[in-house]
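To be precise, the following lines are coords_13.txt, and they hold compact mmCIF, C-alpha atoms.
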```
# COMPACT_ATOMS: atom_id res chain seq x y z
CA MET A 64 119.25 167.14 131.19
CA ARG A 65 118.02 163.89 132.54
CA LYS A 66 114.83 164.17 130.58
CA ARG A 67 116.77 164.65 127.38
CA LEU A 68 118.90 161.68 128.14
CA GLY A 69 115.80 159.66 128.83
CA TYR A 70 114.24 160.63 125.48
CA LEU A 71 117.48 159.84 123.73
CA LEU A 72 117.62 156.44 125.31
CA ALA A 73 114.03 155.73 124.44
CA THR A 74 114.69 156.73 120.84
CA VAL A 75 117.76 154.55 120.66
CA VAL A 76 115.91 151.58 122.08
CA VAL A 77 112.93 151.93 119.76
CA GLY A 78 115.15 152.52 116.76
CA GLY A 79 117.35 149.61 117.64
CA LEU A 80 114.43 147.29 118.03
CA GLY A 81 112.99 148.44 114.74
CA LEU A 82 116.26 147.95 112.92
CA ALA A 83 116.86 144.55 114.46
CA GLY A 84 113.31 143.52 113.71
CA THR A 85 113.66 144.49 110.08
CA MET A 86 116.91 142.61 109.81
CA ALA A 87 115.35 139.60 111.40
CA ALA A 88 112.34 139.75 109.10
CA ASN A 89 114.53 139.91 106.02
CA ALA A 90 116.69 137.10 107.26
CA GLU A 91 113.64 134.96 108.00
CA TRP A 92 111.96 135.39 104.67
CA VAL A 93 112.36 131.83 103.68
CA ILE A 94 109.74 130.18 101.56
CA SER A 95 109.37 126.49 101.30
CA GLY A 96 108.30 124.47 98.32
CA SER A 97 107.15 120.90 98.09
CA GLY A 98 105.93 118.30 95.70
CA GLN A 99 105.89 114.59 95.10
CA VAL A 100 106.96 112.32 92.29
CA LYS A 101 105.85 108.78 91.71
CA MET A 102 107.75 106.23 89.72
CA ARG A 103 107.56 102.54 89.09
CA ALA A 104 110.20 99.90 88.77
CA PRO A 105 109.71 97.49 85.88
CA ALA A 106 108.31 94.02 86.38
CA MET A 107 110.50 91.03 85.74
CA PRO A 108 109.28 89.12 82.70
CA ARG A 109 108.39 85.49 82.62
CA GLY A 110 111.09 83.29 81.16
CA THR A 111 110.80 82.26 77.55
CA THR A 112 110.05 78.61 76.95
CA PRO A 113 113.29 76.93 75.92
CA SER A 114 113.86 74.58 73.05
CA VAL A 115 115.91 71.44 73.53
CA ASP A 116 118.21 69.67 71.16
CA LYS A 117 119.34 66.20 72.07
CA GLN A 118 122.88 65.40 71.10
CA SER A 119 125.31 62.60 71.79
CA SER A 120 127.04 64.54 74.53
CA GLY A 121 123.84 65.66 76.17
CA VAL A 122 121.17 68.18 75.52
CA VAL A 123 121.50 71.75 74.37
CA VAL A 124 118.90 74.06 75.86
CA ARG A 125 118.26 77.32 74.00
CA TRP A 126 116.05 80.29 74.74
CA ASP A 127 115.58 83.87 73.65
CA ALA A 128 117.43 86.50 75.65
CA GLN A 129 115.23 88.87 77.60
CA GLU A 130 115.40 92.48 78.72
CA ILE A 131 114.54 94.00 82.06
CA THR A 132 113.96 97.30 80.37
CA ARG A 133 114.52 98.53 76.87
CA GLY A 134 118.07 97.81 75.82
CA VAL A 135 119.11 96.18 79.09
CA ARG A 136 119.43 92.42 79.04
CA MET A 137 119.05 90.12 82.00
CA ASP A 138 122.40 89.46 83.56
CA HIS A 139 121.85 85.76 84.11
CA TYR A 140 119.40 82.92 83.83
CA VAL A 141 118.72 79.85 85.88
CA VAL A 142 118.00 76.86 83.70
CA THR A 143 116.58 73.85 85.45
CA ALA A 144 116.19 70.29 84.28
CA HIS A 145 113.13 68.76 85.89
CA SER A 146 112.67 65.05 86.10
CA ALA A 147 109.50 63.77 84.54
CA ASP A 148 109.99 60.38 86.12
CA ARG A 149 107.99 59.04 88.99
CA PRO A 150 109.29 59.24 91.52
CA ALA A 151 111.04 62.33 90.26
CA ARG A 152 114.73 62.76 90.47
CA PRO A 153 116.19 65.92 91.98
CA ASP A 154 116.23 68.96 89.72
CA ILE A 155 119.47 69.90 88.06
CA SER A 156 120.05 73.64 87.79
CA ARG A 157 122.58 75.67 85.90
CA THR A 158 123.17 79.40 86.33
CA VAL A 159 124.03 80.89 82.98
CA ALA A 160 125.56 84.34 82.66
CA SER A 161 124.14 86.39 79.85
CA THR A 162 126.30 86.51 76.75
CA GLY A 163 124.52 89.51 75.31
CA GLU A 164 123.48 87.51 72.28
CA ALA A 165 119.90 87.28 71.11
CA THR A 166 119.83 83.60 71.98
CA GLU A 167 121.31 81.98 75.03
CA SER A 168 122.14 78.32 75.49
CA VAL A 169 123.54 75.81 77.92
CA THR A 170 124.42 72.15 77.63
CA PHE A 171 123.44 69.49 80.12
CA ASP A 172 125.61 66.39 80.13
CA ALA A 173 124.07 63.19 78.97
CA ALA A 174 125.60 61.48 81.97
CA ASP A 175 123.49 63.59 84.30
CA MET A 176 120.37 62.89 82.35
CA ALA A 177 120.95 59.19 81.80
CA GLY A 178 118.15 56.87 82.58
CA GLY A 179 115.50 59.50 82.91
CA ARG A 180 112.95 61.65 81.23
CA TRP A 181 113.45 65.39 81.53
CA TYR A 182 112.08 68.76 80.62
CA TRP A 183 113.61 72.21 81.11
CA THR A 184 112.53 75.63 82.28
CA VAL A 185 114.23 79.03 82.37
CA VAL A 186 114.04 81.78 84.97
CA PRO A 187 115.43 85.18 83.97
CA ARG A 188 117.34 87.00 86.68
CA PHE A 189 118.81 90.42 87.21
CA ALA A 190 120.83 90.98 90.38
CA ARG A 191 118.50 89.68 93.09
CA TRP A 192 115.41 89.99 90.97
CA ALA A 193 113.89 86.94 89.36
CA GLY A 194 111.16 86.54 86.81
CA ASP A 195 108.58 83.82 86.69
CA GLU A 196 109.55 80.39 85.49
CA SER A 197 109.08 79.78 81.80
CA GLY A 198 106.84 77.19 80.29
CA LYS A 199 108.10 73.63 80.02
CA SER A 200 110.27 72.57 77.14
CA ALA A 201 109.64 69.36 75.29
CA GLU A 202 110.46 66.24 77.26
CA LEU A 203 113.43 64.12 76.33
CA THR A 204 114.19 60.59 77.38
CA PHE A 205 117.70 59.38 77.95
CA PRO A 206 118.70 55.74 78.14
CA ALA A 207 120.71 54.56 81.05
CA PRO A 208 124.44 54.40 80.43
CA ALA A 209 125.50 51.31 78.54
CA LYS A 210 128.28 50.55 81.01
CA LYS A 211 125.93 49.67 83.75
CA ALA A 212 124.01 47.25 81.68
CA PRO A 213 126.42 44.34 81.63
CA ARG A 214 127.03 44.63 85.32
CA ALA A 215 123.40 44.62 86.07
CA VAL A 216 122.89 41.63 83.89
CA ALA A 217 125.74 39.86 85.52
CA GLU A 218 124.37 40.49 88.92
CA THR A 219 120.83 39.65 88.28
CA PRO A 220 121.28 36.04 87.55
CA ALA A 221 123.36 35.59 90.63
CA ALA A 222 120.98 36.98 93.12
CA ALA A 223 118.03 38.05 91.16
CA ALA A 224 118.30 40.74 93.68
CA PRO A 225 116.55 43.99 93.34
CA THR A 226 119.32 45.85 95.11
CA PRO A 227 121.68 46.54 92.25
CA VAL A 228 118.88 47.49 90.01
CA ALA A 229 117.18 49.66 92.48
CA THR A 230 120.10 52.02 92.60
CA VAL A 231 119.69 52.78 88.95
CA ALA A 232 116.00 53.22 88.79
CA PRO A 233 113.03 51.96 90.60
CA THR A 234 111.34 50.75 87.48
CA ALA A 235 114.33 48.81 86.42
CA SER A 236 114.29 46.92 89.62
CA THR A 237 110.89 45.64 88.90
CA GLU A 238 111.69 44.47 85.52
CA ALA A 239 115.01 43.09 86.52
CA ALA A 240 113.36 41.00 89.09
CA VAL A 241 111.04 39.71 86.51
CA VAL A 242 113.66 39.23 83.97
CA SER A 243 115.91 37.39 86.29
CA GLY A 244 113.56 34.52 86.18
CA THR A 245 113.73 34.28 82.52
CA ALA A 246 117.28 35.28 81.97
CA PRO A 247 118.92 37.72 79.60
CA ALA A 248 115.70 39.39 79.04
CA ALA A 249 116.99 42.57 80.58
CA VAL A 250 117.83 43.59 77.08
CA SER A 251 114.36 44.78 76.52
CA ARG A 252 115.35 48.30 77.53
CA SER A 253 117.78 48.90 74.77
CA SER A 254 115.24 50.89 72.90
CA PRO A 255 114.47 53.76 75.14
CA THR A 256 111.21 54.66 73.60
CA ALA A 257 109.87 51.21 73.22
CA GLY A 258 108.98 50.37 76.78
CA PRO A 259 106.75 52.07 79.22
CA THR A 260 107.96 55.38 80.53
CA PRO A 261 109.58 55.49 83.89
CA GLY A 262 106.70 57.49 85.10
CA ASP A 263 104.40 54.68 84.26
CA SER A 264 106.49 52.07 85.88
CA PRO A 265 106.36 53.17 89.48
CA PRO A 266 103.00 51.67 89.95
CA SER A 267 104.56 48.47 88.82
CA THR A 268 107.04 48.69 91.63
CA SER A 269 104.42 46.90 93.51
CA GLY A 270 105.04 44.40 90.82
CA THR A 271 108.26 43.53 92.46
CA THR A 272 106.16 41.14 94.34
CA PRO A 273 106.37 37.69 92.93
CA SER A 274 102.71 37.60 92.22
CA GLU A 275 103.13 40.10 89.49
CA GLN A 276 106.07 38.52 87.86
CA PRO A 277 104.20 36.47 85.38
CA PRO A 278 102.86 39.28 83.30
CA LYS A 279 106.20 40.98 83.12
CA PRO A 280 108.11 38.50 81.10
CA VAL A 281 105.99 39.42 78.21
CA GLU A 282 107.51 42.84 77.99
CA PRO A 283 111.11 41.82 78.09
CA SER A 284 110.56 39.42 75.36
CA ALA A 285 109.53 42.27 73.16
CA SER A 286 113.06 43.48 73.09
CA ASP A 287 115.58 41.04 74.19
CA SER A 288 118.68 43.08 74.33
CA ALA A 289 118.30 45.68 76.99
CA PRO A 290 120.01 45.57 80.34
CA ALA A 291 117.72 45.01 83.20
CA ASP A 292 118.42 48.30 84.90
CA ILE A 293 117.43 50.55 82.07
CA PRO A 294 114.11 52.02 82.81
CA GLU A 295 113.16 52.80 79.26
CA MET B 201 120.24 156.08 139.23
CA ALA B 202 117.05 155.63 137.25
CA TRP B 203 118.76 156.51 134.04
CA ARG B 204 121.37 153.84 134.64
CA THR B 205 118.67 151.28 134.96
CA ALA B 206 117.09 152.56 131.76
CA VAL B 207 120.37 152.32 129.89
CA THR B 208 121.03 148.82 131.12
CA THR B 209 117.57 147.67 130.17
CA ALA B 210 117.83 149.23 126.74
CA ALA B 211 121.19 147.67 126.11
CA THR B 212 119.92 144.28 127.20
CA LEU B 213 116.88 144.46 124.98
CA PHE B 214 118.92 145.58 122.00
CA THR B 215 121.46 142.82 122.47
CA ALA B 216 118.76 140.23 122.84
CA CYS B 217 117.12 141.44 119.68
CA VAL B 218 120.31 141.31 117.65
CA VAL B 219 121.18 137.89 118.97
CA ALA B 220 117.73 136.62 118.12
CA ALA B 221 117.91 138.05 114.63
CA SER B 222 121.27 136.49 113.90
CA GLY B 223 120.49 133.17 115.53
CA GLN B 224 117.33 132.41 113.60
CA GLN B 225 118.93 132.17 110.20
CA GLY B 226 119.51 128.44 110.63
CA THR B 227 119.91 125.99 107.82
CA PRO B 228 117.56 125.88 104.84
CA THR B 229 116.44 122.36 105.73
CA GLU B 230 115.38 123.42 109.17
CA GLN B 231 113.43 126.27 107.73
CA ALA B 232 111.70 124.00 105.30
CA VAL B 233 110.63 121.70 108.06
CA LEU B 234 109.42 124.65 110.07
CA LEU B 235 107.26 125.91 107.27
CA SER B 236 106.06 122.75 105.72
CA HIS B 237 102.75 122.04 107.32
CA GLY B 238 99.66 122.78 105.32
CA ASP B 239 99.66 124.72 102.12
CA ARG B 240 100.60 127.89 103.90
CA ASP B 241 103.37 128.64 106.29
CA GLY B 242 102.99 130.17 109.73
CA GLY B 243 102.81 133.64 108.25
CA GLY B 244 100.13 132.72 105.74
CA ASN B 245 102.48 132.63 102.76
CA VAL B 246 101.75 130.26 99.94
CA ARG B 247 104.45 127.78 99.15
CA PHE B 248 106.03 127.51 95.76
CA LEU B 249 105.45 124.30 93.86
CA LEU B 250 107.80 121.53 92.92
CA SER B 251 107.05 118.73 90.52
CA GLY B 252 109.16 116.04 88.97
CA GLU B 253 109.13 114.03 85.80
CA SER B 254 108.45 110.41 86.58
CA VAL B 255 111.50 108.25 86.12
CA THR B 256 111.22 105.01 84.20
CA GLY B 257 113.53 102.07 83.82
CA LEU B 258 114.65 101.78 87.42
CA TYR B 259 116.38 98.49 88.02
CA PRO B 260 119.12 97.30 90.37
CA GLY B 261 122.35 99.16 89.91
CA VAL B 262 121.05 101.96 87.73
CA THR B 263 120.96 105.71 88.38
CA ARG B 264 118.38 107.90 86.68
CA LYS B 265 118.04 111.66 86.68
CA LEU B 266 114.94 113.15 88.18
CA LYS B 267 114.22 116.47 86.53
CA VAL B 268 112.39 118.97 88.69
CA THR B 269 110.13 121.83 87.70
CA VAL B 270 109.61 124.79 90.00
CA ALA B 271 106.66 127.16 89.86
CA ASN B 272 106.80 130.55 91.54
CA PRO B 273 103.25 131.59 92.48
CA PHE B 274 104.30 134.91 94.01
CA ASP B 275 104.26 138.44 92.69
CA TYR B 276 107.94 138.80 93.32
CA PRO B 277 111.01 136.86 92.22
CA ILE B 278 112.40 134.20 94.48
CA ALA B 279 115.77 132.56 94.60
CA LEU B 280 115.75 128.81 94.98
CA ARG B 281 118.47 128.06 97.46
CA GLY B 282 118.01 124.39 98.24
CA LEU B 283 116.33 121.35 96.79
CA GLU B 284 116.19 117.80 97.99
CA GLY B 285 114.28 114.59 97.42
CA ARG B 286 113.48 111.83 99.82
CA LEU B 287 111.92 108.42 99.39
CA VAL B 288 108.77 108.52 101.47
CA GLY B 289 106.84 105.47 100.42
CA THR B 290 106.58 102.35 98.34
CA ALA B 291 103.63 100.31 97.24
CA ARG B 292 104.89 97.12 98.85
CA ARG B 293 105.68 96.40 102.43
CA ASP B 294 108.43 93.99 101.44
CA CYS B 295 110.18 96.76 99.56
CA PRO B 296 110.87 99.23 102.37
CA ALA B 297 111.01 102.98 101.86
CA ALA B 298 114.67 103.01 102.74
CA ALA B 299 118.02 103.56 101.13
CA THR B 300 118.29 99.85 100.52
CA SER B 301 115.49 100.17 97.99
CA LEU B 302 116.07 103.56 96.42
CA ARG B 303 118.41 106.46 97.06
CA VAL B 304 117.89 110.07 96.09
CA GLY B 305 121.01 112.16 95.87
CA GLY B 306 121.55 115.89 96.12
CA TYR B 307 120.68 118.35 93.38
CA SER B 308 123.35 118.29 90.74
CA GLY B 309 122.97 121.83 89.36
CA ARG B 310 124.05 125.21 90.62
CA LEU B 311 122.04 127.11 93.17
CA PRO B 312 120.61 129.62 93.81
CA ILE B 313 118.39 129.99 90.80
CA VAL B 314 116.17 133.04 90.48
CA LEU B 315 112.59 132.39 89.49
CA GLU B 316 110.58 135.24 88.05
CA PRO B 317 107.12 136.02 89.42
CA HIS B 318 104.43 133.62 88.25
CA HIS B 319 107.00 131.75 86.29
CA ARG B 320 107.53 128.05 85.88
CA THR B 321 110.83 126.50 84.95
CA THR B 322 112.47 123.11 84.72
CA LEU B 323 115.74 123.21 86.54
CA PRO B 324 118.90 122.58 84.55
CA GLY B 325 120.23 120.10 87.09
CA ALA B 326 118.59 116.97 88.42
CA LEU B 327 118.27 114.78 91.45
CA PRO B 328 120.02 111.43 90.90
CA VAL B 329 117.82 108.47 91.79
CA THR B 330 119.70 105.23 92.32
CA MET B 331 118.38 101.76 92.89
CA PRO B 332 121.04 99.80 94.77
CA ARG B 333 122.35 96.68 93.13
CA ASN B 334 121.14 94.59 96.04
CA ALA B 335 117.61 95.96 96.10
CA THR B 336 115.25 93.23 97.13
CA ALA B 337 113.35 91.32 94.46
CA LYS B 338 110.14 92.62 95.99
CA CYS B 339 110.98 96.04 94.60
CA ALA B 340 110.32 94.85 91.06
CA ASN B 341 107.08 96.19 89.65
CA THR B 342 106.68 98.50 92.64
CA ARG B 343 105.73 102.15 92.82
CA PHE B 344 107.89 104.60 94.72
CA ALA B 345 106.94 108.01 96.06
CA ILE B 346 109.60 110.69 96.40
CA ALA B 347 108.88 113.88 98.30
CA LEU B 348 110.51 117.02 96.98
CA THR B 349 111.37 119.86 99.29
CA GLY B 350 112.81 123.22 98.35
CA VAL B 351 113.79 126.38 100.08
CA ALA B 352 113.79 129.81 98.50
CA GLY B 353 114.15 133.38 99.54
CA LYS B 354 112.60 136.57 98.32
CA VAL B 355 114.80 138.47 95.95
CA ALA B 356 115.06 142.19 96.62
CA ARG B 357 114.00 144.23 93.61
```
As structure tokens, how would this structure be written, given the file I've shared?
Amino acid sequence: MRKRLGYLLATVVVGGLGLAGTMAANAEWVISGSGQVKMRAPAMPRGTTPSVDKQSSGVVVRWDAQEITRGVRMDHYVVTAHSADRPARPDISRTVASTGEATESVTFDAADMAGGRWYWTVVPRFARWAGDESGKSAELTFPAPAKKAPRAVAETPAAAAPTPVATVAPTASTEAAVVSGTAPAAVSRSSPTAGPTPGDSPPSTSGTTPSEQPPKPVEPSASDSAPADIPE
Amino acid sequence: MAWRTAVTTAATLFTACVVAASGQQGTPTEQAVLLSHGDRDGGGNVRFLLSGESVTGLYPGVTRKLKVTVANPFDYPIALRGLEGRLVGTARRDCPAAATSLRVGGYSGRLPIVLEPHHRTTLPGALPVTMPRNATAKCANTRFAIALTGVAGKVAR
């Protein structure tokens, strides 16, 4: 009797283990798969060189809209006016939201540009991404505001001081100092393009020294209507 | 007395076996990790193959669909039960392989899908790949590597 029970138990144990093992094997039959995909994000393009159109109110900067990928335009652009003067004035930047048009534009006020020579560049942007800066636009020269002229003239004779002039432009100061000796000569700057460029004048700042005054009067005489503080 | 001991031992063994069998089912992801070293798993089984179509036009704020193709190299049908993708590398250190650079979502289609023996199929669903709006500028013009992992089971004939 005991033997039979023993055999029965052994059979049950072996059978149970077999059944459980089979169940476990079926449950464990899991196969894995793997692979890899590579992809590339697009590069940001270089900005397109802008064109500039000088108007009475300022300058209109235009450039072609750009895409980050086919059919998706940049969401904004950073347009920067760079001073071509020496020493250079601080850059003036404008962030321009994309209009979706084929051409984008922004206007810089003449008041901000006054008395300097400038060129513009464009940087396309999308979210935090930025492209390379575009090439330089043509340079434009802006005369100093007319309002300042009389004041500068009025001051110069009094003190012949470089201080008032210096605030406007370093070059002007030189010439003003020179002019002061001769009088209303400051007028020479009325024609912006006639005189030397501001960039050229810095060297002449050394000319503020009296020793260099003599040669200067020659220039003012060329145009006798410009205020002394106008660099060009 | 001896037979009591035998019965107790048998019962213990049986219980342990059943518990072990039920406890090892686990989650598909765990299984995938367990089996994913080398081209063969611990039991010498070949893995099935996953491949994806390269996604283009990834830029900040956009979501693209990554289509996946599965190849069953076995002589029997398998049922694909799980599929996932994970960003595992980028070509630039400044663009980290993290969710801040690229996110891969869960499979959008229905599972399981039965794959016939030696059959290759492109899944109807896709894995959404999203580049966050604030992805760093260093991620522009950068390559990304996404690892695909799938789990399948043998289908009884």
Residues of chain A at most 9 Å from chain B: nearest atom pair and distance in Å, all atoms listed in the file, as a Markdown table:
```
| residue | atom | partner | partner_atom | distance |
| --- | --- | --- | --- | --- |
| A:Arg65 | CA | B:Trp203 | CA | 7.6 |
| A:Leu68 | CA | B:Trp203 | CA | 7.8 |
| A:Gly69 | CA | B:Trp203 | CA | 6.8 |
| A:Leu72 | CA | B:Val207 | CA | 6.7 |
| A:Ala73 | CA | B:Ala210 | CA | 7.9 |
| A:Val75 | CA | B:Ala210 | CA | 8.1 |
| A:Val76 | CA | B:Ala210 | CA | 5.6 |
| A:Val77 | CA | B:Ala210 | CA | 8.9 |
| A:Gly79 | CA | B:Phe214 | CA | 6.1 |
| A:Leu80 | CA | B:Phe214 | CA | 6.2 |
| A:Ala83 | CA | B:Val218 | CA | 5.7 |
| A:Gly84 | CA | B:Ala221 | CA | 7.2 |
| A:Thr85 | CA | B:Ala221 | CA | 9.0 |
| A:Met86 | CA | B:Ala221 | CA | 6.7 |
| A:Ala87 | CA | B:Ala221 | CA | 4.4 |
| A:Ala88 | CA | B:Ala221 | CA | 8.0 |
| A:Asn89 | CA | B:Lys354 | CA | 8.6 |
| A:Ala90 | CA | B:Gln225 | CA | 6.2 |
| A:Glu91 | CA | B:Gln225 | CA | 6.4 |
| A:Trp92 | CA | B:Gly353 | CA | 5.9 |
| A:Val93 | CA | B:Gly353 | CA | 4.8 |
| A:Ile94 | CA | B:Ala352 | CA | 5.1 |
| A:Ser95 | CA | B:Val351 | CA | 4.6 |
| A:Gly96 | CA | B:Phe248 | CA | 4.6 |
| A:Ser97 | CA | B:Thr349 | CA | 4.5 |
| A:Gly98 | CA | B:Leu250 | CA | 4.7 |
| A:Gln99 | CA | B:Ala347 | CA | 4.4 |
| A:Val100 | CA | B:Ile346 | CA | 5.1 |
| A:Lys101 | CA | B:Ala345 | CA | 4.6 |
| A:Met102 | CA | B:Phe344 | CA | 5.3 |
| A:Arg103 | CA | B:Arg343 | CA | 4.2 |
| A:Ala104 | CA | B:Asn341 | CA | 4.9 |
| A:Pro105 | CA | B:Asn341 | CA | 4.8 |
| A:Ala106 | CA | B:Asn341 | CA | 4.1 |
| A:Met107 | CA | B:Ala340 | CA | 6.6 |
| A:Ile131 | CA | B:Tyr259 | CA | 7.7 |
| A:Thr132 | CA | B:Gly257 | CA | 5.9 |
| A:Arg133 | CA | B:Gly257 | CA | 7.9 |
| A:Phe189 | CA | B:Pro260 | CA | 7.6 |
| A:Ala190 | CA | B:Arg333 | CA | 6.5 |
| A:Arg191 | CA | B:Ala337 | CA | 5.6 |
| A:Trp192 | CA | B:Ala337 | CA | 4.3 |
| A:Ala193 | CA | B:Ala337 | CA | 6.7 |
```
Generate a file of the selected residues that holds C-alpha atoms, formatted as a CSV table (one decimal), in the coordinates of the input.
```csv
chain,number,residue,atom,x,y,z
A,65,ARG,CA,118.0,163.9,132.5
A,68,LEU,CA,118.9,161.7,128.1
A,69,GLY,CA,115.8,159.7,128.8
A,72,LEU,CA,117.6,156.4,125.3
A,73,ALA,CA,114.0,155.7,124.4
A,75,VAL,CA,117.8,154.6,120.7
A,76,VAL,CA,115.9,151.6,122.1
A,77,VAL,CA,112.9,151.9,119.8
A,79,GLY,CA,117.4,149.6,117.6
A,80,LEU,CA,114.4,147.3,118.0
A,83,ALA,CA,116.9,144.6,114.5
A,84,GLY,CA,113.3,143.5,113.7
A,85,THR,CA,113.7,144.5,110.1
A,86,MET,CA,116.9,142.6,109.8
A,87,ALA,CA,115.4,139.6,111.4
A,88,ALA,CA,112.3,139.8,109.1
A,89,ASN,CA,114.5,139.9,106.0
A,90,ALA,CA,116.7,137.1,107.3
A,91,GLU,CA,113.6,135.0,108.0
A,92,TRP,CA,112.0,135.4,104.7
A,93,VAL,CA,112.4,131.8,103.7
A,94,ILE,CA,109.7,130.2,101.6
A,95,SER,CA,109.4,126.5,101.3
A,96,GLY,CA,108.3,124.5,98.3
A,97,SER,CA,107.2,120.9,98.1
A,98,GLY,CA,105.9,118.3,95.7
A,99,GLN,CA,105.9,114.6,95.1
A,100,VAL,CA,107.0,112.3,92.3
A,101,LYS,CA,105.8,108.8,91.7
A,102,MET,CA,107.8,106.2,89.7
A,103,ARG,CA,107.6,102.5,89.1
A,104,ALA,CA,110.2,99.9,88.8
A,105,PRO,CA,109.7,97.5,85.9
A,106,ALA,CA,108.3,94.0,86.4
A,107,MET,CA,110.5,91.0,85.7
A,131,ILE,CA,114.5,94.0,82.1
A,132,THR,CA,114.0,97.3,80.4
A,133,ARG,CA,114.5,98.5,76.9
A,189,PHE,CA,118.8,90.4,87.2
A,190,ALA,CA,120.8,91.0,90.4
A,191,ARG,CA,118.5,89.7,93.1
A,192,TRP,CA,115.4,90.0,91.0
A,193,ALA,CA,113.9,86.9,89.4
```
- Message: I'd like the neighbourhood of region 173-177 of chain A as a PyMOL selection string, where a residue qualifies if any of its atoms comes within 8 Å (using only C-alpha atoms), though same-chain residues fewer than 4 positions away should be ignored.
- Response: chain A and resi 119-122+181+205-208
- Item | Å distance separating CA of Arg180 (chain A) from CA of Gln129 (chain A), one decimal place |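 Computing the Euclidean distance for CA of Arg180 (chain A) and CA of Gln129 (chain A) yields 27.6 Å.
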- Task: Would you list the contacts of Val123 (chain A) as a PyMOL selection string, taking every protein, DNA or RNA residue within 10 Å and counting all atoms listed in the file, but skipping same-chain residues closer than 3 positions in sequence?
- Result: chain A and resi 113-118+120+168-172
- Message: Here is a test: counting all atoms listed in the file, which residue of B:Leu323, B:Thr263, B:Thr330, B:Tyr276 is nearest to Arg303 (chain B)?
- Response: B:Thr330
- Gap from CA of Pro187 (chain A) to CA of Glu167 (chain A) - Å, one decimal: 11.2 Å
- Message: Could you list, as number ranges by chain, every residue within 8 Å of Ala326 (chain B), counting only C-alpha atoms and ignoring same-chain residues fewer than 5 positions away?
- Response: B: 265-268, 307-309
- Message: Quick check, in Å to one decimal: how far apart do CA of Asp127 (chain A) and CA of Arg157 (chain A) lie?
- Response: 16.3 Å
N, CA and C atoms are needed for region 181-193 of chain A; please write them out as a PDB file, in the coordinates of the input.
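File produced: selection_10.pdb:
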```pdb
ATOM      1  N   TRP A 181     113.231  64.038  81.012  1.00  0.00           N
ATOM      2  CA  TRP A 181     113.450  65.390  81.530  1.00  0.00           C
ATOM      3  C   TRP A 181     112.767  66.453  80.681  1.00  0.00           C
ATOM      4  N   TYR A 182     112.480  67.543  81.338  1.00  0.00           N
ATOM      5  CA  TYR A 182     112.080  68.760  80.620  1.00  0.00           C
ATOM      6  C   TYR A 182     112.780  69.932  81.299  1.00  0.00           C
ATOM      7  N   TRP A 183     112.816  71.078  80.615  1.00  0.00           N
ATOM      8  CA  TRP A 183     113.610  72.210  81.110  1.00  0.00           C
ATOM      9  C   TRP A 183     112.769  73.480  81.217  1.00  0.00           C
ATOM     10  N   THR A 184     113.160  74.320  82.156  1.00  0.00           N
ATOM     11  CA  THR A 184     112.530  75.630  82.280  1.00  0.00           C
ATOM     12  C   THR A 184     113.626  76.685  82.492  1.00  0.00           C
ATOM     13  N   VAL A 185     113.268  77.925  82.235  1.00  0.00           N
ATOM     14  CA  VAL A 185     114.230  79.030  82.370  1.00  0.00           C
ATOM     15  C   VAL A 185     113.627  80.126  83.245  1.00  0.00           C
ATOM     16  N   VAL A 186     114.451  80.633  84.139  1.00  0.00           N
ATOM     17  CA  VAL A 186     114.040  81.780  84.970  1.00  0.00           C
ATOM     18  C   VAL A 186     115.019  82.919  84.704  1.00  0.00           C
ATOM     19  N   PRO A 187     114.523  84.036  84.189  1.00  0.00           N
ATOM     20  CA  PRO A 187     115.430  85.180  83.970  1.00  0.00           C
ATOM     21  C   PRO A 187     115.741  85.861  85.291  1.00  0.00           C
ATOM     22  N   ARG A 188     116.959  86.341  85.419  1.00  0.00           N
ATOM     23  CA  ARG A 188     117.340  87.000  86.680  1.00  0.00           C
ATOM     24  C   ARG A 188     118.154  88.251  86.396  1.00  0.00           C
ATOM     25  N   PHE A 189     117.990  89.202  87.285  1.00  0.00           N
ATOM     26  CA  PHE A 189     118.810  90.420  87.210  1.00  0.00           C
ATOM     27  C   PHE A 189     119.125  90.797  88.647  1.00  0.00           C
ATOM     28  N   ALA A 190     120.406  90.768  88.986  1.00  0.00           N
ATOM     29  CA  ALA A 190     120.830  90.980  90.380  1.00  0.00           C
ATOM     30  C   ALA A 190     120.031  90.021  91.269  1.00  0.00           C
ATOM     31  N   ARG A 191     119.272  90.564  92.207  1.00  0.00           N
ATOM     32  CA  ARG A 191     118.500  89.680  93.090  1.00  0.00           C
ATOM     33  C   ARG A 191     117.075  89.490  92.594  1.00  0.00           C
ATOM     34  N   TRP A 192     116.775  90.095  91.490  1.00  0.00           N
ATOM     35  CA  TRP A 192     115.410  89.990  90.970  1.00  0.00           C
ATOM     36  C   TRP A 192     115.278  88.737  90.102  1.00  0.00           C
ATOM     37  N   ALA A 193     114.132  88.141  90.163  1.00  0.00           N
ATOM     38  CA  ALA A 193     113.890  86.940  89.360  1.00  0.00           C
ATOM     39  C   ALA A 193     112.513  87.007  88.727  1.00  0.00           C
TER      40      ALA A 193
END
```
